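Source file: work_20.txt. Holds: compact mmCIF, C-alpha atoms (C1' of nucleotides).
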# COMPACT_ATOMS: atom_id res chain seq x y z
CA MET A 1 31.22 12.44 85.50
CA SER A 2 29.05 14.12 88.11
CA GLU A 3 30.60 15.62 91.22
CA THR A 4 29.23 12.73 93.21
CA GLU A 5 30.78 10.16 90.88
CA ILE A 6 34.15 11.87 91.03
CA PHE A 7 34.20 12.27 94.80
CA ARG A 8 33.04 8.69 95.21
CA ALA A 9 35.64 7.35 92.81
CA LEU A 10 38.43 9.13 94.67
CA ALA A 11 37.11 8.21 98.11
CA ASP A 12 38.62 4.74 97.75
CA PRO A 13 42.34 4.56 98.63
CA THR A 14 43.02 1.82 96.12
CA ARG A 15 41.51 3.88 93.32
CA ARG A 16 43.48 6.95 94.36
CA ALA A 17 46.63 4.80 94.30
CA VAL A 18 45.76 3.65 90.78
CA PHE A 19 45.11 7.21 89.66
CA GLU A 20 48.38 8.38 91.17
CA ARG A 21 50.25 5.60 89.51
CA LEU A 22 48.73 6.43 86.14
CA ALA A 23 49.77 10.03 86.68
CA ALA A 24 53.34 8.76 86.62
CA GLY A 25 52.76 7.11 83.26
CA GLU A 26 50.22 5.06 81.41
CA ALA A 27 49.96 1.36 82.13
CA ASN A 28 47.79 -1.63 81.45
CA ALA A 29 45.61 -3.37 84.00
CA THR A 30 48.11 -6.11 84.76
CA GLU A 31 50.93 -3.66 85.37
CA LEU A 32 48.68 -1.65 87.65
CA ARG A 33 48.13 -4.68 89.82
CA SER A 34 51.78 -5.23 90.63
CA GLY A 35 52.43 -4.37 94.24
CA LEU A 36 48.74 -4.19 95.08
CA PRO A 37 47.22 -7.17 96.93
CA ILE A 38 44.22 -7.26 94.68
CA SER A 39 42.67 -9.66 92.21
CA GLN A 40 42.40 -9.04 88.49
CA PRO A 41 38.60 -8.54 88.55
CA ALA A 42 38.89 -6.12 91.44
CA MET A 43 41.32 -3.99 89.44
CA SER A 44 39.07 -4.19 86.43
CA GLN A 45 36.15 -2.96 88.54
CA HIS A 46 38.16 -0.12 90.04
CA LEU A 47 39.24 0.97 86.58
CA ALA A 48 35.61 0.92 85.45
CA VAL A 49 34.65 3.24 88.31
CA LEU A 50 37.49 5.62 87.44
CA ARG A 51 36.55 5.52 83.77
CA GLU A 52 32.86 6.21 84.44
CA ALA A 53 33.86 9.14 86.62
CA GLY A 54 35.86 10.52 83.69
CA LEU A 55 39.15 10.25 85.54
CA VAL A 56 40.89 7.78 83.25
CA SER A 57 40.62 6.79 79.61
CA GLU A 58 41.57 3.56 77.94
CA GLN A 59 42.94 2.45 74.63
CA ARG A 60 42.94 -1.15 73.54
CA GLN A 61 46.20 -2.33 71.98
CA GLY A 62 45.93 -5.91 70.94
CA ARG A 63 45.06 -7.90 73.97
CA HIS A 64 46.28 -5.21 76.30
CA VAL A 65 44.41 -2.10 77.36
CA GLN A 66 46.48 0.97 78.06
CA TYR A 67 45.04 3.20 80.75
CA ARG A 68 45.96 6.82 81.24
CA ILE A 69 44.60 9.60 83.40
CA SER A 70 42.11 12.09 81.99
CA PRO A 71 43.34 15.11 83.92
CA GLU A 72 40.44 17.26 82.77
CA GLY A 73 38.30 14.87 84.76
CA LEU A 74 39.51 16.65 87.89
CA ARG A 75 38.19 19.94 86.62
CA PRO A 76 34.69 19.62 88.18
CA LEU A 77 36.37 19.10 91.55
CA GLN A 78 38.60 22.10 91.10
CA ASP A 79 35.59 24.17 90.09
CA TRP A 80 33.67 22.96 93.11
CA MET A 81 36.50 23.85 95.46
CA LEU A 82 37.04 27.26 93.92
CA ARG A 83 33.52 28.14 95.01
CA TYR A 84 34.88 28.26 98.54
CA ARG A 85 37.96 30.26 97.77
CA ALA A 86 36.48 33.15 99.72
CA PHE A 87 37.01 31.12 102.85
CA TRP A 88 40.48 29.94 102.11
CA PRO A 89 43.61 31.17 103.77
CA GLN A 90 44.80 34.36 102.18
CA ARG A 91 47.48 32.65 100.17
CA LEU A 92 44.89 30.66 98.26
CA ALA A 93 42.34 33.44 98.18
CA ALA A 94 44.62 35.42 95.93
CA LEU A 95 44.31 32.60 93.46
CA GLN A 96 40.96 33.83 92.32
CA GLU A 97 42.32 37.14 91.15
CA PHE A 98 45.15 35.41 89.42
CA LEU A 99 42.88 33.06 87.51
CA LYS A 100 40.58 35.90 86.59
CA GLU A 101 43.46 37.78 85.07
CA MET A 102 44.57 34.77 83.11
CA ASP A 103 41.15 34.48 81.55
CA GLN A 104 41.45 37.89 79.99
CA MET B 105 40.81 14.50 108.39
CA SER B 106 42.51 12.04 106.06
CA GLU B 107 42.10 12.38 102.33
CA THR B 108 39.83 9.37 102.38
CA GLU B 109 37.61 10.87 105.08
CA ILE B 110 37.31 14.14 103.20
CA PHE B 111 36.54 12.56 99.85
CA ARG B 112 34.06 10.25 101.49
CA ALA B 113 32.35 13.03 103.38
CA LEU B 114 31.90 15.05 100.20
CA ALA B 115 30.83 12.08 98.11
CA ASP B 116 27.34 12.33 99.59
CA PRO B 117 25.09 14.88 97.86
CA THR B 118 23.24 15.71 101.06
CA ARG B 119 26.47 16.45 102.88
CA ARG B 120 27.72 18.61 100.02
CA ALA B 121 24.42 20.50 100.16
CA VAL B 122 24.91 21.04 103.90
CA PHE B 123 28.47 22.22 103.37
CA GLU B 124 27.40 24.58 100.60
CA ARG B 125 24.66 25.96 102.77
CA LEU B 126 27.07 26.56 105.62
CA ALA B 127 29.37 28.35 103.23
CA ALA B 128 26.56 30.90 102.83
CA GLY B 129 26.45 31.42 106.58
CA GLU B 130 26.54 29.52 109.81
CA ALA B 131 23.42 27.76 111.01
CA ASN B 132 22.23 25.30 113.59
CA ALA B 133 21.16 21.74 112.89
CA THR B 134 17.46 22.53 112.79
CA GLU B 135 17.90 25.36 110.32
CA LEU B 136 20.00 23.13 108.13
CA ARG B 137 17.15 20.65 107.87
CA SER B 138 14.68 23.09 106.39
CA GLY B 139 14.06 22.21 102.78
CA LEU B 140 15.76 18.86 103.06
CA PRO B 141 13.54 15.77 103.33
CA ILE B 142 15.59 14.31 106.10
CA SER B 143 15.08 13.39 109.75
CA GLN B 144 16.79 15.13 112.63
CA PRO B 145 19.05 12.17 113.48
CA ALA B 146 20.08 11.86 109.84
CA MET B 147 21.19 15.48 109.82
CA SER B 148 23.01 14.98 113.10
CA GLN B 149 24.85 12.02 111.62
CA HIS B 150 25.77 13.89 108.45
CA LEU B 151 27.12 16.75 110.53
CA ALA B 152 29.19 14.29 112.55
CA VAL B 153 30.75 12.95 109.35
CA LEU B 154 31.56 16.46 108.16
CA ARG B 155 32.99 17.36 111.54
CA GLU B 156 35.18 14.27 111.73
CA ALA B 157 36.47 15.05 108.26
CA GLY B 158 37.46 18.50 109.49
CA LEU B 159 35.08 20.26 107.12
CA VAL B 160 32.85 21.92 109.69
CA SER B 161 33.21 23.06 113.26
CA GLU B 162 30.57 23.54 115.88
CA GLN B 163 29.93 25.82 118.78
CA ARG B 164 27.27 25.16 121.36
CA GLN B 165 25.15 28.13 122.29
CA GLY B 166 22.64 27.21 124.91
CA ARG B 167 20.57 24.40 123.52
CA HIS B 168 21.52 25.24 119.97
CA VAL B 169 24.69 24.26 118.18
CA GLN B 170 25.98 26.63 115.58
CA TYR B 171 27.75 24.95 112.70
CA ARG B 172 30.12 26.68 110.35
CA ILE B 173 32.48 25.52 107.65
CA SER B 174 36.15 24.94 108.39
CA PRO B 175 37.47 26.04 105.04
CA GLU B 176 41.00 24.94 105.82
CA GLY B 177 39.52 21.44 105.88
CA LEU B 178 39.53 21.58 102.10
CA ARG B 179 43.24 22.13 102.03
CA PRO B 180 44.24 18.46 101.85
CA LEU B 181 42.03 18.09 98.78
CA GLN B 182 43.54 21.13 97.16
CA ASP B 183 47.02 19.80 97.89
CA TRP B 184 46.09 16.43 96.46
CA MET B 185 44.80 17.96 93.27
CA LEU B 186 47.78 20.23 92.86
CA ARG B 187 49.90 17.12 92.51
CA TYR B 188 48.33 16.64 89.10
CA ARG B 189 48.73 20.21 87.97
CA ALA B 190 51.22 19.04 85.38
CA PHE B 191 48.35 17.42 83.54
CA TRP B 192 45.93 20.27 83.80
CA PRO B 193 44.96 22.59 81.02
CA GLN B 194 47.53 25.33 80.69
CA ARG B 195 45.42 27.90 82.47
CA LEU B 196 45.51 25.92 85.67
CA ALA B 197 49.03 24.64 85.20
CA ALA B 198 50.35 28.13 85.61
CA LEU B 199 48.78 28.14 89.03
CA GLN B 200 51.64 26.18 90.51
CA GLU B 201 54.20 28.79 89.65
CA PHE B 202 51.97 31.46 91.03
CA LEU B 203 51.51 29.71 94.34
CA LYS B 204 55.19 28.93 94.56
CA GLU B 205 56.02 32.60 94.16
CA MET B 206 53.54 33.56 96.82
CA ASP B 207 55.22 31.29 99.30
CA GLN B 208 58.47 33.18 99.05
C1' DT C 209 10.09 22.29 138.73
C1' DC C 210 8.79 20.61 134.69
C1' DA C 211 7.17 20.61 129.85
C1' DA C 212 9.14 21.89 125.55
C1' DC C 213 12.99 22.14 122.71
C1' DT C 214 17.72 20.98 120.48
C1' DC C 215 20.69 17.73 119.52
C1' DA C 216 23.17 13.14 120.07
C1' DT C 217 23.10 8.31 120.47
C1' DA C 218 21.28 3.51 120.14
C1' DA C 219 19.42 -0.07 117.57
C1' DG C 220 17.53 -2.00 113.53
C1' DT C 221 17.22 -2.43 108.47
C1' DA C 222 17.57 -1.97 103.35
C1' DT C 223 20.82 -0.89 100.08
C1' DC C 224 25.45 -0.16 98.39
C1' DT C 225 30.37 -1.38 98.01
C1' DG C 226 34.37 -3.94 97.36
C1' DC C 227 35.87 -8.18 97.25
C1' DT C 228 36.06 -13.03 95.83
C1' DT C 229 35.72 -17.22 92.42
C1' DA C 230 34.04 -18.73 88.09
C1' DT C 231 33.50 -17.91 83.46
C1' DC C 232 33.39 -15.50 79.01
C1' DT C 233 35.47 -12.86 74.98
C1' DA C 234 39.21 -11.52 72.36
C1' DT C 235 43.97 -11.66 70.93
C1' DC C 236 48.39 -13.56 70.44
C1' DG C 237 52.19 -16.82 69.28
C1' DA C 238 54.03 -21.48 68.47
C1' DT D 239 44.61 -24.13 65.06
C1' DC D 240 44.88 -24.14 69.69
C1' DG D 241 46.83 -23.25 74.31
C1' DA D 242 48.08 -19.19 76.83
C1' DT D 243 47.29 -14.51 78.04
C1' DA D 244 44.61 -9.95 79.02
C1' DG D 245 40.75 -8.21 80.45
C1' DA D 246 35.53 -7.89 81.33
C1' DT D 247 31.48 -9.68 83.28
C1' DA D 248 28.44 -12.53 86.40
C1' DA D 249 27.13 -14.05 90.79
C1' DG D 250 27.51 -14.22 95.55
C1' DC D 251 28.86 -12.48 100.04
C1' DA D 252 30.62 -9.73 104.18
C1' DG D 253 30.93 -5.33 105.78
C1' DA D 254 29.85 -0.38 105.31
C1' DT D 255 26.50 3.25 104.71
C1' DA D 256 22.38 6.05 105.14
C1' DC D 257 18.27 5.95 106.78
C1' DT D 258 14.53 5.17 110.21
C1' DT D 259 12.20 5.15 115.10
C1' DA D 260 13.03 5.33 119.95
C1' DT D 261 15.26 7.31 123.58
C1' DG D 262 18.72 9.93 126.27
C1' DA D 263 21.06 14.32 127.90
C1' DG D 264 21.28 19.05 128.42
C1' DT D 265 18.97 23.83 128.22
C1' DT D 266 15.33 26.99 128.46
C1' DG D 267 11.30 29.49 130.07
C1' DA D 268 6.68 29.62 132.15
For this file, write the structure as structure tokens.
Amino acid sequence: MSETEIFRALADPTRRAVFERLAAGEANATELRSGLPISQPAMSQHLAVLREAGLVSEQRQGRHVQYRISPEGLRPLQDWMLRYRAFWPQRLAALQEFLKEMDQ
Amino acid sequence: MSETEIFRALADPTRRAVFERLAAGEANATELRSGLPISQPAMSQHLAVLREAGLVSEQRQGRHVQYRISPEGLRPLQDWMLRYRAFWPQRLAALQEFLKEMDQ
DNA sequence: TCAACTCATAAGTATCTGCTTATCTATCGA
DNA sequence: TCGATAGATAAGCAGATACTTATGAGTTGA
């Protein structure tokens, strides 16, 4: 769940597609394959990368495994990006103040 | 400047270090190497990746090239992450509303 | 004008990545 | 109990990546 792991996991378009799909609702590995021209082991490996990056979690149910996103896994990325808020367009720069207020 | 290019560019720890250093102030390629155990061509290649991803810009000054961050290059990432705001901890979820208001 | 300097590019190489097929483990249902 | 199903793991391979050394192109100053 290091920054590098997270960036790397999301750098692959297939894995981003899987993550986006899981954001729409949990699914098992077979369901996730539908529509994607990818083998079962390839999906399994992608899911392992996402899991190790802390971006998805899994729950075995019988012989199925339900996958769902772990949204807090995106937090390190958000934190990393907020470090550059000072350089953002004004609209986003104001975000810092807003978040600071919310913390109080 | 696709999402994939940006994620990929930032997935490398050396390139993130370069970006972070440029966030502290612009610098030329030689200055960026100091402290990093990396050859001059390697740095040049890393800078090319960052440039192609839209994360840094360059300006030639004589025989030096000044590099600086292009903070708006992070925008696609921010947009991508905001798509999952619904899953974020409450503190960040409220961000959407805030940004929406600011746009009006 | 020419040696020194900054940076980019070329070419080569070791390692990493994403994929495949083959196989294994575990669970289910007839 | 046993064939079918879901998923993970192993092994192998082609292409990508990050690095190196060598060299090229442009700029500067003595």
Legend entry - chain B on chain A, all Cα pairs in order, RMSD: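 It comes to 0.2 Å after superposition.
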Using all atoms listed in the file, which residues sit within 12 Å of segment 256-259 of chain D once same-chain residues fewer than 2 positions away are excluded, as a compact mmCIF listing (two decimals) with C-alpha atoms (C1' of nucleotides), in the frame of the given file?
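Wrote it out as result03.txt, contents follow:
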# COMPACT_ATOMS: atom_id res chain seq x y z
CA ASP B 116 27.34 12.33 99.59
CA PRO B 117 25.09 14.88 97.86
CA THR B 118 23.24 15.71 101.06
CA ARG B 119 26.47 16.45 102.88
CA PRO B 141 13.54 15.77 103.33
CA ILE B 142 15.59 14.31 106.10
CA SER B 143 15.08 13.39 109.75
CA GLN B 144 16.79 15.13 112.63
CA PRO B 145 19.05 12.17 113.48
CA ALA B 146 20.08 11.86 109.84
CA MET B 147 21.19 15.48 109.82
CA SER B 148 23.01 14.98 113.10
CA GLN B 149 24.85 12.02 111.62
CA HIS B 150 25.77 13.89 108.45
CA VAL B 153 30.75 12.95 109.35
C1' DA C 218 21.28 3.51 120.14
C1' DA C 219 19.42 -0.07 117.57
C1' DG C 220 17.53 -2.00 113.53
C1' DT C 221 17.22 -2.43 108.47
C1' DA C 222 17.57 -1.97 103.35
C1' DT C 223 20.82 -0.89 100.08
C1' DC C 224 25.45 -0.16 98.39
C1' DA D 254 29.85 -0.38 105.31
C1' DT D 261 15.26 7.31 123.58
Inset, instruction - Please measure the separation of atom CA of Ala133 of chain B and atom CA of Thr4 of chain A, giving the value in Å to one decimal. - result: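 If I compute the distance from atom CA of Ala133 of chain B to atom CA of Thr4 of chain A, I get 23.1 Å.
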Inset, instruction - Using atom C1' of DC232 of chain C and atom CA of Arg51 of chain A as the two end points, give the distance in Å to one decimal. - result: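 A separation of 21.8 Å between them.
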Inset, instruction - Find the residues around DA268 of chain D up to 12 Å (all atoms listed in the file counted), leave out those fewer than 5 positions away in its own chain, and share them as a ChimeraX atom specification. - result: /C:209-212
Inset, instruction - Could you list, as a list of chain:residue names, the residues of chain D having an atom within 8 Å of chain A when counting all atoms listed in the file? - result: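 Selected residues: D:DA244, D:DG245, D:DA246.
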Can you write out as JSON lines which residues of chain C fall within 12 Å of chain A, alongside each residue's closest atom pair and its distance in Å to one decimal, counting only C-alpha atoms (C1' of nucleotides) and ordering rows by chain and ascending residue number?
{"residue": "C:DT225", "atom": "C1'", "partner": "A:Asp12", "partner_atom": "CA", "distance": 10.3}
{"residue": "C:DG226", "atom": "C1'", "partner": "A:Ala42", "partner_atom": "CA", "distance": 7.8}
{"residue": "C:DC227", "atom": "C1'", "partner": "A:Ala42", "partner_atom": "CA", "distance": 6.9}
{"residue": "C:DT228", "atom": "C1'", "partner": "A:Ser39", "partner_atom": "CA", "distance": 8.3}
{"residue": "C:DT229", "atom": "C1'", "partner": "A:Pro41", "partner_atom": "CA", "distance": 9.9}
{"residue": "C:DA230", "atom": "C1'", "partner": "A:Pro41", "partner_atom": "CA", "distance": 11.2}
{"residue": "C:DT231", "atom": "C1'", "partner": "A:Pro41", "partner_atom": "CA", "distance": 11.8}
{"residue": "C:DT233", "atom": "C1'", "partner": "A:Arg63", "partner_atom": "CA", "distance": 10.8}
{"residue": "C:DA234", "atom": "C1'", "partner": "A:Arg63", "partner_atom": "CA", "distance": 7.1}
{"residue": "C:DT235", "atom": "C1'", "partner": "A:Arg63", "partner_atom": "CA", "distance": 5.0}
{"residue": "C:DC236", "atom": "C1'", "partner": "A:Arg63", "partner_atom": "CA", "distance": 7.5}
Inset, instruction - For atom CA of Ile6 of chain A and atom CA of Ala53 of chain A, determine how far apart the two atoms are, in Å to one decimal place. - result: 5.2 Å
Legend entry - Spatial neighbours of Arg21 of chain A, 12 Å, all atoms listed in the file, chain gap at least 3 places, as a list in words: Thr14, Arg15, Arg16, Ala17, Val18, Ala24, Gly25, Glu26, Ala27, Asn28, Ala29, Glu31, Leu32, Arg33, Ser34, Gly35, Leu36, Val56, Tyr67, Arg68 and Ile69 of chain A; Arg187 and Tyr188 of chain B
Inset, instruction - Return the single residue from B:Gln170, B:Leu159, B:Phe123, B:Arg112 that is closest to chain A, with distances computed using only C-alpha atoms. - result: B:Arg112
Could you work out an axis-aligned box for segment 218-228 of chain C, taking every atom the file lists and adding 6 Å on each side, and report centre and edge lengths in Å to one decimal, as lines of an AutoDock Vina configuration file?
center_x = 26.6
center_y = -4.8
center_z = 108.0
size_x = 30.8
size_y = 28.5
size_z = 36.3
